[in-house]
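Colleague: So I've got this file, work00.pdb, and it contains PDB, C-alpha atoms, pLDDT in the B column:
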ATOM      1  CA  MET A   1     -24.654 -65.233  -5.504  1.00 39.00           C
ATOM      2  CA  LYS A   2     -21.119 -66.456  -4.921  1.00 39.00           C
ATOM      3  CA  THR A   3     -19.786 -66.008  -1.391  1.00 40.00           C
ATOM      4  CA  PRO A   4     -16.210 -64.717  -1.104  1.00 48.00           C
ATOM      5  CA  PRO A   5     -13.626 -67.279   0.000  1.00 55.00           C
ATOM      6  CA  SER A   6     -12.480 -67.174   3.619  1.00 66.00           C
ATOM      7  CA  SER A   7      -9.055 -65.701   4.288  1.00 75.00           C
ATOM      8  CA  GLU A   8      -7.748 -69.159   5.242  1.00 75.00           C
ATOM      9  CA  ALA A   9      -9.046 -70.640   1.969  1.00 74.00           C
ATOM     10  CA  PHE A  10      -7.527 -67.717   0.059  1.00 70.00           C
ATOM     11  CA  ILE A  11      -4.160 -68.215   1.789  1.00 68.00           C
ATOM     12  CA  ALA A  12      -4.269 -71.959   1.062  1.00 71.00           C
ATOM     13  CA  GLU A  13      -4.950 -71.219  -2.632  1.00 72.00           C
ATOM     14  CA  GLN A  14      -1.955 -68.844  -2.878  1.00 65.00           C
ATOM     15  CA  ILE A  15       0.284 -71.438  -1.199  1.00 67.00           C
ATOM     16  CA  ARG A  16      -0.940 -74.073  -3.696  1.00 66.00           C
ATOM     17  CA  ILE A  17      -0.074 -71.731  -6.616  1.00 66.00           C
ATOM     18  CA  LEU A  18       3.369 -71.061  -5.130  1.00 62.00           C
ATOM     19  CA  LYS A  19       4.097 -74.772  -4.763  1.00 59.00           C
ATOM     20  CA  GLU A  20       3.502 -75.117  -8.506  1.00 65.00           C
ATOM     21  CA  ASN A  21       5.262 -71.861  -9.375  1.00 62.00           C
ATOM     22  CA  PRO A  22       7.525 -70.641  -6.540  1.00 57.00           C
ATOM     23  CA  GLU A  23       8.411 -67.430  -8.408  1.00 64.00           C
ATOM     24  CA  CYS A  24       4.821 -66.279  -8.986  1.00 65.00           C
ATOM     25  CA  ALA A  25       5.072 -62.686  -7.737  1.00 78.00           C
ATOM     26  CA  ASN A  26       1.305 -62.114  -7.814  1.00 78.00           C
ATOM     27  CA  ALA A  27       0.544 -65.103  -5.594  1.00 80.00           C
ATOM     28  CA  MET A  28       3.358 -64.097  -3.223  1.00 82.00           C
ATOM     29  CA  TYR A  29       1.959 -60.556  -3.096  1.00 87.00           C
ATOM     30  CA  ASN A  30      -1.594 -61.811  -2.493  1.00 85.00           C
ATOM     31  CA  LEU A  31      -0.338 -64.043   0.302  1.00 85.00           C
ATOM     32  CA  GLY A  32       1.441 -61.048   1.835  1.00 89.00           C
ATOM     33  CA  VAL A  33      -1.747 -58.962   1.764  1.00 90.00           C
ATOM     34  CA  ALA A  34      -3.752 -61.730   3.456  1.00 89.00           C
ATOM     35  CA  LEU A  35      -1.109 -62.185   6.157  1.00 90.00           C
ATOM     36  CA  MET A  36      -0.849 -58.415   6.694  1.00 92.00           C
ATOM     37  CA  GLN A  37      -4.618 -58.224   7.169  1.00 89.00           C
ATOM     38  CA  GLN A  38      -4.293 -60.919   9.841  1.00 89.00           C
ATOM     39  CA  GLY A  39      -1.602 -58.890  11.611  1.00 91.00           C
ATOM     40  CA  LYS A  40       1.128 -61.437  10.748  1.00 91.00           C
ATOM     41  CA  PHE A  41       3.581 -58.708   9.835  1.00 94.00           C
ATOM     42  CA  ASP A  42       6.844 -60.707   9.898  1.00 95.00           C
ATOM     43  CA  GLU A  43       5.453 -63.280   7.477  1.00 92.00           C
ATOM     44  CA  ALA A  44       3.902 -60.525   5.322  1.00 92.00           C
ATOM     45  CA  ILE A  45       7.277 -58.731   5.124  1.00 95.00           C
ATOM     46  CA  ASP A  46       8.916 -61.938   3.837  1.00 92.00           C
ATOM     47  CA  CYS A  47       6.192 -62.343   1.181  1.00 90.00           C
ATOM     48  CA  PHE A  48       6.317 -58.744  -0.033  1.00 92.00           C
ATOM     49  CA  THR A  49      10.133 -58.769  -0.127  1.00 92.00           C
ATOM     50  CA  GLU A  50      10.099 -61.939  -2.228  1.00 89.00           C
ATOM     51  CA  ALA A  51       7.358 -60.577  -4.522  1.00 89.00           C
ATOM     52  CA  ILE A  52       9.508 -57.489  -5.168  1.00 90.00           C
ATOM     53  CA  ALA A  53      12.538 -59.704  -5.875  1.00 89.00           C
ATOM     54  CA  ASN A  54      10.527 -61.744  -8.399  1.00 85.00           C
ATOM     55  CA  SER A  55       8.917 -58.824 -10.251  1.00 82.00           C
ATOM     56  CA  GLY A  56      10.144 -55.417 -11.295  1.00 79.00           C
ATOM     57  CA  ARG A  57       6.666 -53.879 -11.033  1.00 83.00           C
ATOM     58  CA  MET A  58       5.606 -54.608  -7.443  1.00 89.00           C
ATOM     59  CA  PHE A  59       5.159 -51.014  -6.288  1.00 92.00           C
ATOM     60  CA  GLU A  60       2.061 -51.977  -4.242  1.00 91.00           C
ATOM     61  CA  ALA A  61       4.229 -54.425  -2.265  1.00 93.00           C
ATOM     62  CA  CYS A  62       6.609 -51.555  -1.485  1.00 95.00           C
ATOM     63  CA  VAL A  63       3.736 -49.417  -0.234  1.00 94.00           C
ATOM     64  CA  ASN A  64       2.456 -52.262   1.937  1.00 94.00           C
ATOM     65  CA  LEU A  65       5.925 -52.699   3.423  1.00 96.00           C
ATOM     66  CA  GLY A  66       5.872 -48.965   4.137  1.00 96.00           C
ATOM     67  CA  TYR A  67       2.543 -49.404   5.937  1.00 95.00           C
ATOM     68  CA  ILE A  68       3.884 -52.245   8.098  1.00 96.00           C
ATOM     69  CA  TYR A  69       6.945 -50.234   9.072  1.00 96.00           C
ATOM     70  CA  TYR A  70       4.729 -47.220   9.827  1.00 95.00           C
ATOM     71  CA  LYS A  71       2.756 -49.433  12.236  1.00 94.00           C
ATOM     72  CA  ARG A  72       6.091 -50.359  13.810  1.00 95.00           C
ATOM     73  CA  GLY A  73       7.191 -46.734  14.093  1.00 95.00           C
ATOM     74  CA  ASP A  74      10.114 -47.014  11.654  1.00 96.00           C
ATOM     75  CA  LEU A  75       9.705 -43.862   9.554  1.00 96.00           C
ATOM     76  CA  GLU A  76      13.043 -44.267   7.769  1.00 96.00           C
ATOM     77  CA  LYS A  77      11.845 -47.561   6.316  1.00 96.00           C
ATOM     78  CA  VAL A  78       8.476 -45.963   5.453  1.00 96.00           C
ATOM     79  CA  ILE A  79      10.456 -43.444   3.403  1.00 97.00           C
ATOM     80  CA  HIS A  80      12.706 -46.123   1.880  1.00 97.00           C
ATOM     81  CA  TYR A  81       9.847 -48.282   0.602  1.00 96.00           C
ATOM     82  CA  ASN A  82       7.624 -45.464  -0.626  1.00 96.00           C
ATOM     83  CA  LYS A  83      10.603 -43.979  -2.490  1.00 97.00           C
ATOM     84  CA  LYS A  84      11.073 -47.383  -4.093  1.00 95.00           C
ATOM     85  CA  ALA A  85       7.353 -47.445  -4.988  1.00 95.00           C
ATOM     86  CA  VAL A  86       7.477 -44.117  -6.837  1.00 96.00           C
ATOM     87  CA  GLU A  87      10.721 -45.102  -8.560  1.00 95.00           C
ATOM     88  CA  ILE A  88       8.880 -48.138  -9.963  1.00 94.00           C
ATOM     89  CA  GLU A  89       5.659 -46.166 -10.699  1.00 94.00           C
ATOM     90  CA  PRO A  90       6.391 -42.414 -10.896  1.00 96.00           C
ATOM     91  CA  ARG A  91       2.692 -41.566 -11.277  1.00 95.00           C
ATOM     92  CA  TYR A  92       1.611 -43.325  -8.077  1.00 95.00           C
ATOM     93  CA  ALA A  93       0.198 -40.432  -6.069  1.00 95.00           C
ATOM     94  CA  ARG A  94      -0.375 -42.420  -2.875  1.00 94.00           C
ATOM     95  CA  GLY A  95       3.345 -43.190  -2.639  1.00 95.00           C
ATOM     96  CA  TYR A  96       4.197 -39.481  -2.696  1.00 97.00           C
ATOM     97  CA  ALA A  97       1.456 -38.778  -0.128  1.00 96.00           C
ATOM     98  CA  ASN A  98       2.901 -41.447   2.186  1.00 96.00           C
ATOM     99  CA  LEU A  99       6.374 -39.978   1.746  1.00 97.00           C
ATOM    100  CA  GLY A 100       5.038 -36.545   2.631  1.00 97.00           C
ATOM    101  CA  PHE A 101       3.485 -37.834   5.836  1.00 96.00           C
ATOM    102  CA  ALA A 102       6.734 -39.508   6.911  1.00 97.00           C
ATOM    103  CA  TYR A 103       8.862 -36.450   6.092  1.00 97.00           C
ATOM    104  CA  LEU A 104       6.422 -34.289   8.050  1.00 96.00           C
ATOM    105  CA  GLN A 105       6.749 -36.523  11.121  1.00 95.00           C
ATOM    106  CA  LEU A 106      10.537 -36.141  10.906  1.00 96.00           C
ATOM    107  CA  ALA A 107      10.249 -32.328  10.453  1.00 95.00           C
ATOM    108  CA  ARG A 108      11.890 -32.605   7.003  1.00 97.00           C
ATOM    109  CA  THR A 109       9.547 -29.850   5.914  1.00 96.00           C
ATOM    110  CA  ASP A 110      10.853 -28.854   2.488  1.00 97.00           C
ATOM    111  CA  GLU A 111      10.965 -32.498   1.375  1.00 97.00           C
ATOM    112  CA  ALA A 112       7.427 -32.986   2.714  1.00 97.00           C
ATOM    113  CA  ILE A 113       6.110 -29.999   0.762  1.00 97.00           C
ATOM    114  CA  GLU A 114       7.775 -31.156  -2.465  1.00 97.00           C
ATOM    115  CA  VAL A 115       6.315 -34.675  -2.416  1.00 98.00           C
ATOM    116  CA  LEU A 116       2.888 -33.625  -1.116  1.00 97.00           C
ATOM    117  CA  GLU A 117       2.579 -31.104  -3.951  1.00 97.00           C
ATOM    118  CA  LYS A 118       3.559 -33.899  -6.356  1.00 97.00           C
ATOM    119  CA  ALA A 119       0.905 -36.205  -4.853  1.00 97.00           C
ATOM    120  CA  ILE A 120      -1.765 -33.521  -5.276  1.00 97.00           C
ATOM    121  CA  GLU A 121      -0.638 -32.771  -8.828  1.00 97.00           C
ATOM    122  CA  LEU A 122      -1.065 -36.470  -9.713  1.00 97.00           C
ATOM    123  CA  ASN A 123      -4.304 -36.957  -7.765  1.00 96.00           C
ATOM    124  CA  PRO A 124      -6.021 -33.825  -6.415  1.00 95.00           C
ATOM    125  CA  ASP A 125      -8.607 -35.974  -4.575  1.00 94.00           C
ATOM    126  CA  ILE A 126      -6.298 -37.263  -1.810  1.00 94.00           C
ATOM    127  CA  ALA A 127      -7.680 -35.165   1.050  1.00 94.00           C
ATOM    128  CA  GLN A 128      -5.059 -36.433   3.509  1.00 94.00           C
ATOM    129  CA  ALA A 129      -2.259 -35.103   1.274  1.00 96.00           C
ATOM    130  CA  TRP A 130      -3.849 -31.628   1.292  1.00 96.00           C
ATOM    131  CA  SER A 131      -4.255 -31.811   5.066  1.00 95.00           C
ATOM    132  CA  ASN A 132      -0.617 -32.793   5.555  1.00 96.00           C
ATOM    133  CA  LEU A 133       0.422 -29.995   3.203  1.00 97.00           C
ATOM    134  CA  ILE A 134      -1.374 -27.496   5.467  1.00 96.00           C
ATOM    135  CA  ASN A 135       0.670 -28.841   8.375  1.00 95.00           C
ATOM    136  CA  ALA A 136       3.893 -28.681   6.369  1.00 96.00           C
ATOM    137  CA  TYR A 137       3.307 -24.999   5.592  1.00 97.00           C
ATOM    138  CA  LEU A 138       2.477 -24.394   9.270  1.00 96.00           C
ATOM    139  CA  GLN A 139       5.701 -26.189  10.213  1.00 95.00           C
ATOM    140  CA  LYS A 140       7.554 -23.791   7.913  1.00 95.00           C
ATOM    141  CA  GLY A 141       5.694 -20.729   9.246  1.00 95.00           C
ATOM    142  CA  GLU A 142       4.070 -19.975   5.874  1.00 96.00           C
ATOM    143  CA  LEU A 143       0.621 -19.163   7.247  1.00 97.00           C
ATOM    144  CA  ASP A 144      -0.828 -17.662   4.070  1.00 97.00           C
ATOM    145  CA  LYS A 145       0.044 -20.776   2.058  1.00 97.00           C
ATOM    146  CA  ALA A 146      -1.388 -22.982   4.824  1.00 97.00           C
ATOM    147  CA  ILE A 147      -4.657 -21.026   4.714  1.00 97.00           C
ATOM    148  CA  GLU A 148      -4.803 -21.068   0.909  1.00 97.00           C
ATOM    149  CA  THR A 149      -4.230 -24.846   0.907  1.00 97.00           C
ATOM    150  CA  GLY A 150      -6.806 -25.374   3.646  1.00 96.00           C
ATOM    151  CA  ASN A 151      -9.469 -23.424   1.809  1.00 97.00           C
ATOM    152  CA  LYS A 152      -8.882 -25.441  -1.361  1.00 96.00           C
ATOM    153  CA  LEU A 153      -9.241 -28.625   0.693  1.00 96.00           C
ATOM    154  CA  VAL A 154     -12.507 -27.733   2.425  1.00 96.00           C
ATOM    155  CA  ASP A 155     -13.941 -26.444  -0.862  1.00 96.00           C
ATOM    156  CA  PHE A 156     -13.616 -29.848  -2.543  1.00 93.00           C
ATOM    157  CA  ALA A 157     -13.986 -31.980   0.610  1.00 95.00           C
ATOM    158  CA  PRO A 158     -16.349 -30.048   2.896  1.00 95.00           C
ATOM    159  CA  GLY A 159     -17.023 -33.157   4.990  1.00 96.00           C
ATOM    160  CA  PHE A 160     -13.334 -33.784   5.808  1.00 95.00           C
ATOM    161  CA  ALA A 161     -13.239 -32.821   9.487  1.00 96.00           C
ATOM    162  CA  LEU A 162      -9.446 -32.897   9.875  1.00 95.00           C
ATOM    163  CA  GLY A 163      -9.140 -30.354   7.060  1.00 95.00           C
ATOM    164  CA  HIS A 164     -11.401 -27.910   8.926  1.00 96.00           C
ATOM    165  CA  ASN A 165      -9.409 -28.466  12.118  1.00 96.00           C
ATOM    166  CA  ASN A 166      -6.061 -27.775  10.452  1.00 95.00           C
ATOM    167  CA  LEU A 167      -7.428 -24.753   8.606  1.00 96.00           C
ATOM    168  CA  ALA A 168      -8.850 -23.428  11.901  1.00 96.00           C
ATOM    169  CA  TYR A 169      -5.403 -23.671  13.484  1.00 96.00           C
ATOM    170  CA  ALA A 170      -3.815 -21.830  10.548  1.00 97.00           C
ATOM    171  CA  TYR A 171      -6.362 -19.016  10.900  1.00 97.00           C
ATOM    172  CA  PHE A 172      -5.759 -18.950  14.659  1.00 96.00           C
ATOM    173  CA  LEU A 173      -2.008 -18.490  14.181  1.00 96.00           C
ATOM    174  CA  LYS A 174      -2.746 -15.740  11.653  1.00 96.00           C
ATOM    175  CA  GLY A 175      -4.923 -13.967  14.240  1.00 96.00           C
ATOM    176  CA  ASN A 176      -8.166 -14.409  12.291  1.00 96.00           C
ATOM    177  CA  TYR A 177     -10.157 -15.760  15.213  1.00 96.00           C
ATOM    178  CA  ALA A 178     -13.580 -15.518  13.566  1.00 95.00           C
ATOM    179  CA  MET A 179     -12.513 -17.856  10.749  1.00 97.00           C
ATOM    180  CA  ALA A 180     -10.687 -20.109  13.209  1.00 97.00           C
ATOM    181  CA  ILE A 181     -13.895 -20.472  15.248  1.00 96.00           C
ATOM    182  CA  LYS A 182     -15.973 -21.075  12.116  1.00 96.00           C
ATOM    183  CA  HIS A 183     -13.789 -23.961  10.981  1.00 97.00           C
ATOM    184  CA  VAL A 184     -13.151 -25.465  14.404  1.00 96.00           C
ATOM    185  CA  ASP A 185     -16.911 -25.550  15.013  1.00 96.00           C
ATOM    186  CA  LYS A 186     -17.361 -27.267  11.640  1.00 97.00           C
ATOM    187  CA  ALA A 187     -14.729 -29.851  12.602  1.00 96.00           C
ATOM    188  CA  VAL A 188     -16.572 -30.535  15.874  1.00 96.00           C
ATOM    189  CA  GLU A 189     -19.899 -30.740  14.035  1.00 97.00           C
ATOM    190  CA  LEU A 190     -18.362 -33.364  11.723  1.00 97.00           C
ATOM    191  CA  GLY A 191     -17.297 -35.435  14.719  1.00 96.00           C
ATOM    192  CA  PHE A 192     -13.626 -34.491  15.010  1.00 96.00           C
ATOM    193  CA  GLU A 193     -12.121 -34.464  18.510  1.00 96.00           C
ATOM    194  CA  VAL A 194     -10.450 -31.053  18.557  1.00 94.00           C
ATOM    195  CA  HIS A 195      -7.614 -30.675  21.057  1.00 95.00           C
ATOM    196  CA  PRO A 196      -9.151 -29.277  24.286  1.00 95.00           C
ATOM    197  CA  GLN A 197      -6.340 -26.713  24.654  1.00 95.00           C
ATOM    198  CA  PHE A 198      -7.097 -25.292  21.205  1.00 95.00           C
ATOM    199  CA  LEU A 199     -10.788 -24.925  22.079  1.00 95.00           C
ATOM    200  CA  LYS A 200      -9.808 -23.262  25.355  1.00 95.00           C
ATOM    201  CA  GLU A 201      -7.573 -20.747  23.575  1.00 95.00           C
ATOM    202  CA  LEU A 202     -10.376 -19.871  21.171  1.00 95.00           C
ATOM    203  CA  GLU A 203     -12.959 -19.384  23.922  1.00 94.00           C
ATOM    204  CA  PRO A 204     -12.064 -15.749  24.799  1.00 93.00           C
ATOM    205  CA  HIS A 205     -12.510 -14.812  21.122  1.00 92.00           C
ATOM    206  CA  ARG A 206     -16.089 -16.039  20.902  1.00 89.00           C
ATOM    207  CA  GLN A 207     -18.720 -13.319  21.003  1.00 75.00           C
ATOM    208  CA  LYS A 208     -20.636 -13.419  24.258  1.00 52.00           C
TER     209      LYS A 208
END
Go ahead and express the file in the form of structure tokens.
Modeller:
Amino acid sequence: MKTPPSSEAFIAEQIRILKENPECANAMYNLGVALMQQGKFDEAIDCFTEAIANSGRMFEACVNLGYIYYKRGDLEKVIHYNKKAVEIEPRYARGYANLGFAYLQLARTDEAIEVLEKAIELNPDIAQAWSNLINAYLQKGELDKAIETGNKLVDFAPGFALGHNNLAYAYFLKGNYAMAIKHVDKAVELGFEVHPQFLKELEPHRQK
């Protein structure tokens, strides 16, 4: 059985390819991924930027740049690069999901809902997109839509603890404490660390 090459050997191989063909976008992209995994973000940014310049189809490089800038707390650049990714590949659901997350953090709620719905339309299995959509509807005060979305999520991903937590909060805001307790308890059972204040607020509604 062949053992996988070490990251240093992999990096050395990409550098060798680039010496022979400096405009090889795939090798530049691969080098960027390896450097990103090592936490060498500045060098990874240079590689991904060059890969994009050398190929019109490097939407994955855009998404990786978005990830690096998310780690650095620059949500505007997260939006910029994920927008670029879905311009290159309009059917790339993960790009829309990433956009939705960033818009949600910036309280750009309508934009978040639009792209999260698009992500789900393209790939209904991205649980995190459903979960963020619950939060977007909560942000907008549309409790019924948040609950409807949450129920769809926990139906197809019953083991997704965050989904149960967010659905519990939607039910709580709606005043349906029994359902809130049911889903918050499920989230806890699945190992999710529910906010202590939320648990405290639910406590009076538990049957003694």
Colleague: Any chance you could resolve the PyMOL selection byres ((chain A and resi 140) around 12) against this file and give the residues as a list of chain:residue names?
Modeller: A:Leu104, A:Ala107, A:Arg108, A:Thr109, A:Asp110, A:Glu111, A:Ala112, A:Ile113, A:Leu133, A:Ile134, A:Asn135, A:Ala136, A:Tyr137, A:Leu138, A:Gln139, A:Gly141, A:Glu142, A:Leu143, A:Asp144, A:Lys145, A:Ala146, A:Ala170
Colleague: The PyMOL selection byres ((chain A and resi 187) around 9) - which residues does that actually catch in the file I just gave you? List them as a list in words.
Modeller: Gly159, Phe160, Ala161, Leu162, Gly163, His164, Asn165, Ala168, Lys182, His183, Val184, Asp185, Lys186, Val188, Glu189, Leu190, Gly191, Phe192, Glu193 and Val194 of chain A
Colleague: Translate the PyMOL selection byres ((chain A and resi 81-91) around 6) into a concrete residue list for this structure, as a PyMOL selection string.
Modeller: chain A and resi 59+62-63+66+78-80+92-93+95
Colleague: Which polymer residues have any atom within 8 Å of an atom of Glu50 of chain A, counting only C-alpha atoms, with same-chain residues fewer than 3 positions away left out, as a list in words?
Modeller: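 Using only C-alpha atoms, the neighbours found are Ala25, Met28, Asp46, Cys47, Ala53 and Asn54 of chain A.
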Colleague: Could you jot down the atom CA of Tyr29 of chain A to atom CA of Asp125 of chain A separation for me, Å, one decimal place?
Modeller: 26.8 Å
Colleague: Would you compute the box with edges along x, y and z of the file around segment 154-171 of chain A, including every atom the file lists for it and 3 Å extra on each side, and give its centre and edge lengths in Å to one decimal, as JSON?
Modeller:
{"center_x": -10.4, "center_y": -26.4, "center_z": 5.5, "size_x": 19.2, "size_y": 20.8, "size_z": 22.0}
Colleague: Measuring between only C-alpha atoms, which one of A:Ile181, A:Tyr103, A:Gly32, A:Phe198 shows the shortest distance to Glu76 of chain A?
Modeller: A:Tyr103
Colleague: Provide the atom CA of Gln105 of chain A to atom CA of Ile68 of chain A distance in Å, to one decimal place.
Modeller: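 Spanning atom CA of Gln105 of chain A to atom CA of Ile68 of chain A is a straight-line distance of 16.3 Å.
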Colleague: For each of A:Asn30, A:Asn176, A:Tyr171, A:Phe48, take the minimum atom-to-atom distance to Asn64 of chain A, counting only C-alpha atoms, then give the residue where this is smallest.
Modeller: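 Under the stated criterion, the closest residue is A:Phe48.
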Colleague: What separation in Å, quoted to one decimal, exists between atom CA of Asn123 of chain A and atom CA of Ile52 of chain A?
Modeller: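 Computed distance, atom CA of Asn123 of chain A to atom CA of Ile52 of chain A, equals 24.9 Å.
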Colleague: So, counting all atoms listed in the file, which residue among A:His205, A:Pro158, A:Thr49, A:Gln197 is closest to Ala180 of chain A?
Modeller: A:His205
